[in-house]
Amino acid sequence: MSRAHVISVRNLDIVGHRPDGHDVPIVRDVSLAVREGQMLALIGESGSGKTTIALSLLGYVRSGCTISGGQIRVAGHDVTSMTTHELRSMRGRTISYVAQNAGTAFNPALSIAQQVIEPARVHWAMTREQAERKMVDLFRALALPEPETIGARYPYQLSGGQLQRLMAAMALITDPEIVVFDEPTTALDVTTQIEVLAAFRTVLADRGITGVYVTHDLAIVAQIADHAVVLRHGQVRESGTVADILGNPQDDYTRELVAACRIPPRATPCAPMEPARRDRVLDLSDVVVGYGSRTAGGLPERRILDHVSLSVPQGSTLGIIGESGCGKSTLARTISGLQPWAAGQIMFRGEALAPAVADRTREQRRRLQIVAQNADLVLNPAWRIGATIERMLTFFHGMKGAEARAEAMRLLDMVRLPHAVLERYPAELSGGQKQRVNFARALAARPDLVLCDEITAALDPVVAAAILELMVELQETLGISYIFITHDLHAVRAVCDQVAVLYAGHVVEQCDSQSLAVGAHHPYTRLLVSSVPEMRAGWLADAVALRHADELPVAQHDAGGGCQFFSRCDMRMPGQCDRDPVPVHTLPDGARIACYRPCPDLAFPGGVASDASPHSCES
Amino acid sequence: MSGTTTRYRVLGLPVLTPAQRVMGLFGFWLVLAVCGPFFAPYAPGQIIDTEVFAPLSHRHWLGTDYLGRDLGSRLLYAVRYTVLICTLSTAFSCSCGILLGIATTAMPAWVEQVAGRLMDGILSIPSLLCALLVIAAFGDSLLALILTMGVIYTPGAYRTSRALALRIARMDYITVAMARGEGAFFIIWKEILPNMRGPLLADVGLRFIYAVLLLSNLSFLGLGVQPPLVDLGSLVRENVLGLVYGSAAVILPTVVIGALTVGINLVLDGTSRR
């Protein structure tokens with residue numbers, strides 16, 4: 001007992017008041033404690049009460065909820081008995097909060113500096129000059145670019161990862177004893193997440209700040225927290241040190257969570273890389289999508305997809321990965337005919353597809369279905385589930401009445417939903433159920449190819465794992481092909497045969513999904529792969545050590561010629577990479593990599609011996 | 001809000017959805033408008049008493065007006081004309097506005113440019129002034145009244161429904177329907193419209209209230225419904241002398257206008273608070 005508990009919560013109960021007068025328990029009998037300088041992770045799926053508990057530490061409950069029992073002591077204050085005025089002087093000074101989405105947490109009309117030093121000014125903690133000096137120190141500690149001048153910029157000029165770090169600076173400016181992080185990296189790409197996590201860790205360790213970290217990602221917990229509490233339905237399922245919980249989970253639910261984070265790679269063998277041309281379902285060749293005026297070559301000036309060539313073999317899954325803004329979703333819209341392309345050709349089952357969906361035949365539209373990201377937006381809220389599925393059956397197969405109803409039930413069986421769902425509205429279903437209905441809707445057309453656009457992004461890990469399992473199972477029974485668009489590399493390994501890596505509208509690599517971590521790869525692929533958090537303690541330090549590249553400011557690089565990845569590449573060759581057109585290597589197993597470097601240079605540093613892998617270079 | 005639900009239960013009435021409450025109240029006024037006059041004891045123009053501005057009595061329950069006519073009978077006829085004219089003009093303005101509003105979300109941009117500027121043009125003229133002008137030019141027949149008020153309130157309905165439809169048209173289920181190859185009519189009618197029902201209902205109700213107020217204003221100025229026909233606004237105008245005597249003949253029509261507009265407004269408020 002060298003250090004005292006800075007946070008101690010005992011038997012906390014929080015209830016929500018429903019309009020009909022009944023109270024619903026949101027948090028039940030939760031007790032937790034954090035010692036000074038340590039980090040506690042609150043783990044749980046959505047609706048488990050983790051954010052509610054985190055906010056209650058600040059003495060805040062959402063309107064319609066009340067703390068109905070228990071005690072919260074934070075840094076010597078009894079939060080439950082404090083007045084509004086006392087709470088206000090504590091928040092932002094003794095305890096501060098970093099929210100999930102920094103993009104919406106900043107006021108777009110004020111400069112960054114004004115907002116970052118605001119907590120210090122509100123609490124009269126220091127003069128403006130002191131606060132500004134402090135701010136610059138914090139910016140430097142959080143590894144932000146141009147710490148002296150970044151404060152003068154406005155939120156829209158900065159990236160999501162930078163804003164998230166700026167928000168941490170805002171939380172730290174008053175030297176609080178405790179900082180509450182609410183899923184601060186969930187909305188970020190893996191490559192950005194790693195920078196933010198590393199910055200948080202250094203700053204917290206340097207200043208000895210006590211923290212509470214709310215997340216659903218166990219791999220992040222392993223990197224950043226000392227203790228963890230697993231929550232479900234507002235109750236504590238398990239608590240202990242992070243090593244114990246991740247390495248030796250006792251509770252059934254914790255085991256399920258840990259298992260969901262370790263999705264096994266798919267068991268069935270992958271389809272061969274280069275099948276005969278007739279076996280391909282979909283073939284994209286040199287597809288260009290963009291906007292703006294046309295250049296001399298007849299191509300748009302601003303290109304979202306630039307000469308993208310891909311193919312999907314019959315009955316297999318092609319994964320498309322890349323960070324946000326790389327053109328993933330545009331690719332899905334292009335293939336489904338909602339976004340016309342400027343040049344190139346898309347062949348579907350040997351026929352050329354028209355750019356606009358209205359010009360495609362009904363048969364083509366039937367055979368190519370899209371399952372979009374957000375199940376909440378894909379199902380019409382005014383329609384019962386039965387109507388949604390039966391409309392597909394009527395539209396494509398002319399089924400009516402009892403026949404359509406029977407077929408709809410069969411489809412629900414396929415996606416493992418009870419028949420009672422047919423009479424419900426989308427709002428009455430959970431996220432996972434909606435995504436299953438979404439699948440059933442696509443399957444109703446009896447498609448050959450299903451485009452899955454980030455279908456697991458909005459789901460909790462356990463639910464997402466079940467959806468991925470369903471995908472593989474449906475493929476085995478129905479023989480459909482998928483294009484699986486995602487930023488989650490675990491999911492790619494679980495369902496895909498091949499992977500195309502998209503960067504700034506270019507396919508920089510297409511390879512076998514199982515060989516992602518071994519053999520030769522494009523530098524960007526390696527960056528992506530090494531950025532995916534692992535549940536091993538110390539991974540963060542290793543991963544940061546690997547990323548020694550000094551990124552050039554993007555503006556310095558003219559995208560006119562050469563490699564798009566030039567400014568971020570750790571093996572760039574100035575004078576060549578930024579001028580010449582990018583050569584494409586084809587490896588013996590059919591993988592293609594667009595890079596100037598010869599293959600042997602592209603192998604994973606310290607990775608698996610390249611001559612033992614099927615991915616070795618010969619050229 | 002829990003209070004209202006409990007109160008309904010205490011009265012032993014079934015709990016109504018907000019939409020049912022709006023339709024219920026509106027239905028009551030419509031039934032009154034259609035059937036009311038059949039229960040009128042006298043013809044609206046019949047002079048029944050020598051006493052003008054007579055107070056309420058058992059002979060004529062609501063008293064008499066400035067010519068000694070039965071106010072109760074006249075009020076029943078007035079409700080008929082006010083409610084029916086406003087219903088028809090609201091139906092005209094809202095069906096035009098809503099259809100155009102949704103359709104422009106699915107049409108090329110220039111259609112919206114033309115329709116939008118036209119609507120802005122109408123919107124920029126004060127409604128009462130616009131109505132005065134049109135009636136001065138085309139006469140004050142009932143049809144002219146209905147059409148004029150219909151045109152005046154079309155831009156409002158157009159703006160509201162377009163804003164709502166634009167939000168819905170960006171939803172993924174519309175994208176999916178388009179990728180499926182559904183026709184524009186199906187998308188408007190089956191995919192977009194059902195999701196706008198709640199806010200649209202509130203909007204239609206508001207337009208009806210505006211129409212009642214505009215018609216009453218016009219009639220008060222003598223440009224609305226002409227004698228021998230009678231509506232609530234003209235009842236107020238012809239009996240305005242009775243104000244000096246505190247006569248029911250001027251107070252009651254005013255109260256009925258208030259009951260009609262405020263009542264519907266309150267029920268609509270309940271829908272939007274949900």
# chains A, B, ... in the order shown; residues from 1 in each chain; ligands from 1
$ select_by_dssp --residues "stretch 25-247 of chain B" --states "alpha helix (DSSP H)" --output "ChimeraX atom specification"
/B:25-35,71-106,109-124,127-138,142-169,172-180,184-186,197-220,232-238
$ residues_around --residues "B:Phe220" --least-positions-apart "4" --cutoff "7 Å" --atoms "only C-alpha atoms" --output "PyMOL selection string"
chain B and resi 216+233-234+236-237
$ write_last_selection --atoms "N, CA and C atoms" --output "PDB file, in the first residue's frame"
ATOM      1  N   SER B 216     -59.837  34.249 -42.267  1.00  0.00           N
ATOM      2  CA  SER B 216     -60.548  35.100 -41.315  1.00  0.00           C
ATOM      3  C   SER B 216     -60.148  36.556 -41.501  1.00  0.00           C
ATOM      4  N   GLY B 233     -64.716  34.732 -40.052  1.00  0.00           N
ATOM      5  CA  GLY B 233     -64.161  36.079 -40.142  1.00  0.00           C
ATOM      6  C   GLY B 233     -65.242  37.108 -40.454  1.00  0.00           C
ATOM      7  N   SER B 234     -66.147  36.751 -41.379  1.00  0.00           N
ATOM      8  CA  SER B 234     -67.177  37.728 -41.729  1.00  0.00           C
ATOM      9  C   SER B 234     -68.178  37.889 -40.583  1.00  0.00           C
ATOM     10  N   VAL B 236     -67.377  37.979 -37.455  1.00  0.00           N
ATOM     11  CA  VAL B 236     -66.744  38.944 -36.560  1.00  0.00           C
ATOM     12  C   VAL B 236     -66.916  40.354 -37.120  1.00  0.00           C
ATOM     13  N   ARG B 237     -66.684  40.504 -38.441  1.00  0.00           N
ATOM     14  CA  ARG B 237     -66.746  41.829 -39.043  1.00  0.00           C
ATOM     15  C   ARG B 237     -68.141  42.436 -38.910  1.00  0.00           C
TER      16      ARG B 237
END
$ interface_residues --of "chain A" --to "chain B" --cutoff "7 Å" --atoms "only C-alpha atoms" --output "list of chain:residue names"
A:Pro19, A:Asp20, A:Gly21, A:Ser336, A:Gly337, A:Leu338, A:Val357, A:Ala358, A:Arg365, A:Leu377, A:Val378, A:Leu379, A:Asn380, A:Ala382
$ residues_around --residues "B:Leu133" --least-positions-apart "5" --cutoff "12 Å" --atoms "only C-alpha atoms" --output "CSV table (one decimal) with N, CA and C atoms, in the first residue's frame"
chain,number,residue,atom,x,y,z
B,125,ILE,N,-43.6,37.7,-51.2
B,125,ILE,CA,-44.7,38.7,-51.1
B,125,ILE,C,-45.5,38.3,-49.9
B,126,PRO,N,-45.8,39.4,-49.0
B,126,PRO,CA,-46.6,39.1,-47.8
B,126,PRO,C,-47.9,38.4,-48.2
B,127,SER,N,-48.3,37.4,-47.4
B,127,SER,CA,-49.4,36.6,-47.9
B,127,SER,C,-50.7,37.4,-48.0
B,128,LEU,N,-51.0,38.2,-47.0
B,128,LEU,CA,-52.2,39.0,-47.0
B,128,LEU,C,-52.3,39.9,-48.2
B,138,PHE,N,-59.1,38.7,-59.7
B,138,PHE,CA,-59.9,37.6,-60.3
B,138,PHE,C,-61.2,37.5,-59.6
B,139,GLY,N,-61.6,38.4,-58.7
B,139,GLY,CA,-62.9,38.3,-58.1
B,139,GLY,C,-62.8,37.4,-56.8
B,140,ASP,N,-64.0,37.4,-56.1
B,140,ASP,CA,-63.9,36.7,-54.8
B,140,ASP,C,-64.8,35.5,-54.7
B,144,ALA,N,-61.8,30.9,-56.4
B,144,ALA,CA,-60.6,31.8,-56.4
B,144,ALA,C,-60.0,31.9,-55.1
B,145,LEU,N,-60.8,32.0,-54.0
B,145,LEU,CA,-60.3,32.0,-52.7
B,145,LEU,C,-59.4,30.8,-52.4
B,148,THR,N,-56.2,30.7,-54.4
B,148,THR,CA,-55.2,31.8,-54.0
B,148,THR,C,-54.5,31.3,-52.7
B,149,MET,N,-55.3,30.9,-51.8
B,149,MET,CA,-54.7,30.5,-50.5
B,149,MET,C,-53.8,29.3,-50.7
B,152,ILE,N,-50.5,30.5,-52.2
B,152,ILE,CA,-49.7,31.2,-51.2
B,152,ILE,C,-49.0,30.3,-50.2
B,218,LEU,N,-59.1,37.9,-44.3
B,218,LEU,CA,-59.6,38.4,-45.6
B,218,LEU,C,-61.1,38.7,-45.4
B,223,LEU,N,-63.1,40.9,-48.0
B,223,LEU,CA,-62.7,40.4,-49.3
B,223,LEU,C,-62.8,38.9,-49.3
$ atom_distance --atom1 "atom CA of A:Asp512" --atom2 "atom CA of A:Gln314"
15.4 Å
$ residues_around --residues "stretch 93-103 of chain B" --least-positions-apart "5" --cutoff "7 Å" --atoms "only C-alpha atoms" --output "PyMOL selection string"
chain B and resi 150-151+153-155+157-159+161-162+165+188+204
$ residues_around --residues "A:Phe484" --least-positions-apart "6" --cutoff "7 Å" --atoms "only C-alpha atoms" --output "list in words"
Thr317, Leu318, Gly319, Ile320, Leu451, Cys452 and Asp453 of chain A
$ atom_distance --atom1 "atom CA of B:Pro253" --atom2 "atom CA of B:Gly72"
10.0 Å
$ residues_around --residues "A:Leu87" --least-positions-apart "4" --cutoff "10 Å" --atoms "only C-alpha atoms" --output "PyMOL selection string"
chain A and resi 58-60+77+79-83+91-92+94
$ residues_around --residues "stretch 184-197 of chain A" --least-positions-apart "2" --cutoff "9 Å" --atoms "only C-alpha atoms" --output "PyMOL selection string"
chain A and resi 98-102+142-143+160-162+164-165+181-182+199-202+213-217+220+223-224+322-324+487-488+527-533+540+543-544
$ closest_residue --among "A:Gly76, A:Gly16, A:Gly538, A:Gly386" --to "A:Val221" --atoms "only C-alpha atoms"
A:Gly538
$ closest_residue --among "A:Leu42, A:Val30, A:Ala219, A:Val15" --to "A:Val61" --atoms "only C-alpha atoms"
A:Val15
$ decode --residues "stretch 168-257 of chain B" --atoms "C-alpha atoms" --output "JSON list (two decimals), in the first residue's frame"
[["chain", "number", "residue", "atom", "x", "y", "z"],
["B", 168, "ILE", "CA", -33.74, 10.97, -46.27],
["B", 169, "ALA", "CA", -32.49, 10.74, -49.86],
["B", 170, "ARG", "CA", -28.94, 10.57, -48.53],
["B", 171, "MET", "CA", -29.72, 7.48, -46.46],
["B", 172, "ASP", "CA", -28.22, 4.17, -47.46],
["B", 173, "TYR", "CA", -31.57, 2.48, -47.98],
["B", 174, "ILE", "CA", -32.29, 4.90, -50.80],
["B", 175, "THR", "CA", -28.85, 4.10, -52.26],
["B", 176, "VAL", "CA", -29.65, 0.42, -52.02],
["B", 177, "ALA", "CA", -33.02, 0.92, -53.70],
["B", 178, "MET", "CA", -31.32, 2.84, -56.48],
["B", 179, "ALA", "CA", -28.68, 0.15, -56.88],
["B", 180, "ARG", "CA", -31.52, -2.36, -57.13],
["B", 181, "GLY", "CA", -32.94, -0.29, -59.99],
["B", 182, "GLU", "CA", -36.21, 0.86, -58.41],
["B", 183, "GLY", "CA", -38.12, 3.53, -60.32],
["B", 184, "ALA", "CA", -38.28, 7.14, -59.15],
["B", 185, "PHE", "CA", -41.98, 6.83, -58.30],
["B", 186, "PHE", "CA", -41.41, 3.81, -56.05],
["B", 187, "ILE", "CA", -38.54, 5.54, -54.28],
["B", 188, "ILE", "CA", -40.57, 8.70, -53.65],
["B", 189, "TRP", "CA", -43.78, 7.00, -52.67],
["B", 190, "LYS", "CA", -42.62, 3.92, -50.78],
["B", 191, "GLU", "CA", -39.14, 4.66, -49.55],
["B", 192, "ILE", "CA", -39.06, 8.40, -48.81],
["B", 193, "LEU", "CA", -42.62, 9.44, -48.00],
["B", 194, "PRO", "CA", -43.34, 6.97, -45.15],
["B", 195, "ASN", "CA", -40.30, 8.31, -43.30],
["B", 196, "MET", "CA", -41.52, 11.89, -43.50],
["B", 197, "ARG", "CA", -45.00, 11.20, -42.12],
["B", 198, "GLY", "CA", -44.56, 12.63, -38.64],
["B", 199, "PRO", "CA", -42.96, 15.98, -39.48],
["B", 200, "LEU", "CA", -45.16, 16.36, -42.55],
["B", 201, "LEU", "CA", -48.31, 15.88, -40.52],
["B", 202, "ALA", "CA", -47.20, 18.68, -38.22],
["B", 203, "ASP", "CA", -46.46, 20.86, -41.24],
["B", 204, "VAL", "CA", -49.84, 20.23, -42.86],
["B", 205, "GLY", "CA", -51.53, 21.08, -39.58],
["B", 206, "LEU", "CA", -49.65, 24.35, -39.35],
["B", 207, "ARG", "CA", -50.57, 25.29, -42.93],
["B", 208, "PHE", "CA", -54.22, 24.63, -42.05],
["B", 209, "ILE", "CA", -53.97, 27.00, -39.11],
["B", 210, "TYR", "CA", -52.31, 29.66, -41.29],
["B", 211, "ALA", "CA", -55.10, 29.22, -43.83],
["B", 212, "VAL", "CA", -57.79, 29.68, -41.16],
["B", 213, "LEU", "CA", -56.13, 32.88, -39.99],
["B", 214, "LEU", "CA", -55.65, 34.23, -43.52],
["B", 215, "LEU", "CA", -59.25, 33.48, -44.50],
["B", 216, "SER", "CA", -60.55, 35.10, -41.31],
["B", 217, "ASN", "CA", -58.39, 38.14, -41.99],
["B", 218, "LEU", "CA", -59.63, 38.42, -45.57],
["B", 219, "SER", "CA", -63.24, 38.06, -44.53],
["B", 220, "PHE", "CA", -62.78, 40.60, -41.77],
["B", 221, "LEU", "CA", -61.56, 43.01, -44.42],
["B", 222, "GLY", "CA", -64.60, 42.16, -46.52],
["B", 223, "LEU", "CA", -62.66, 40.40, -49.27],
["B", 224, "GLY", "CA", -63.19, 36.81, -48.24],
["B", 225, "VAL", "CA", -66.46, 34.92, -48.18],
["B", 226, "GLN", "CA", -69.25, 37.22, -49.41],
["B", 227, "PRO", "CA", -72.86, 37.48, -48.14],
["B", 228, "PRO", "CA", -75.22, 35.68, -48.21],
["B", 229, "LEU", "CA", -72.55, 33.03, -47.43],
["B", 230, "VAL", "CA", -70.90, 33.37, -44.07],
["B", 231, "ASP", "CA", -67.64, 32.35, -42.43],
["B", 232, "LEU", "CA", -66.08, 33.00, -39.04],
["B", 233, "GLY", "CA", -64.16, 36.08, -40.14],
["B", 234, "SER", "CA", -67.18, 37.73, -41.73],
["B", 235, "LEU", "CA", -69.25, 36.98, -38.60],
["B", 236, "VAL", "CA", -66.74, 38.94, -36.56],
["B", 237, "ARG", "CA", -66.75, 41.83, -39.04],
["B", 238, "GLU", "CA", -70.52, 42.25, -39.35],
["B", 239, "ASN", "CA", -71.02, 42.06, -35.60],
["B", 240, "VAL", "CA", -68.08, 44.23, -34.65],
["B", 241, "LEU", "CA", -70.53, 46.94, -33.47],
["B", 242, "GLY", "CA", -71.69, 44.52, -30.80],
["B", 243, "LEU", "CA", -68.35, 44.88, -29.10],
["B", 244, "VAL", "CA", -69.70, 48.03, -27.44],
["B", 245, "TYR", "CA", -72.56, 46.04, -25.90],
["B", 246, "GLY", "CA", -70.38, 43.08, -24.97],
["B", 247, "SER", "CA", -72.49, 40.99, -27.30],
["B", 248, "ALA", "CA", -71.92, 37.26, -27.74],
["B", 249, "ALA", "CA", -72.33, 37.79, -31.49],
["B", 250, "VAL", "CA", -68.78, 39.13, -31.80],
["B", 251, "ILE", "CA", -67.14, 37.21, -28.98],
["B", 252, "LEU", "CA", -68.33, 33.71, -29.91],
["B", 253, "PRO", "CA", -66.98, 33.62, -33.50],
["B", 254, "THR", "CA", -63.66, 34.86, -32.17],
["B", 255, "VAL", "CA", -63.64, 32.12, -29.56],
["B", 256, "VAL", "CA", -64.42, 29.52, -32.24],
["B", 257, "ILE", "CA", -61.50, 30.75, -34.41]]
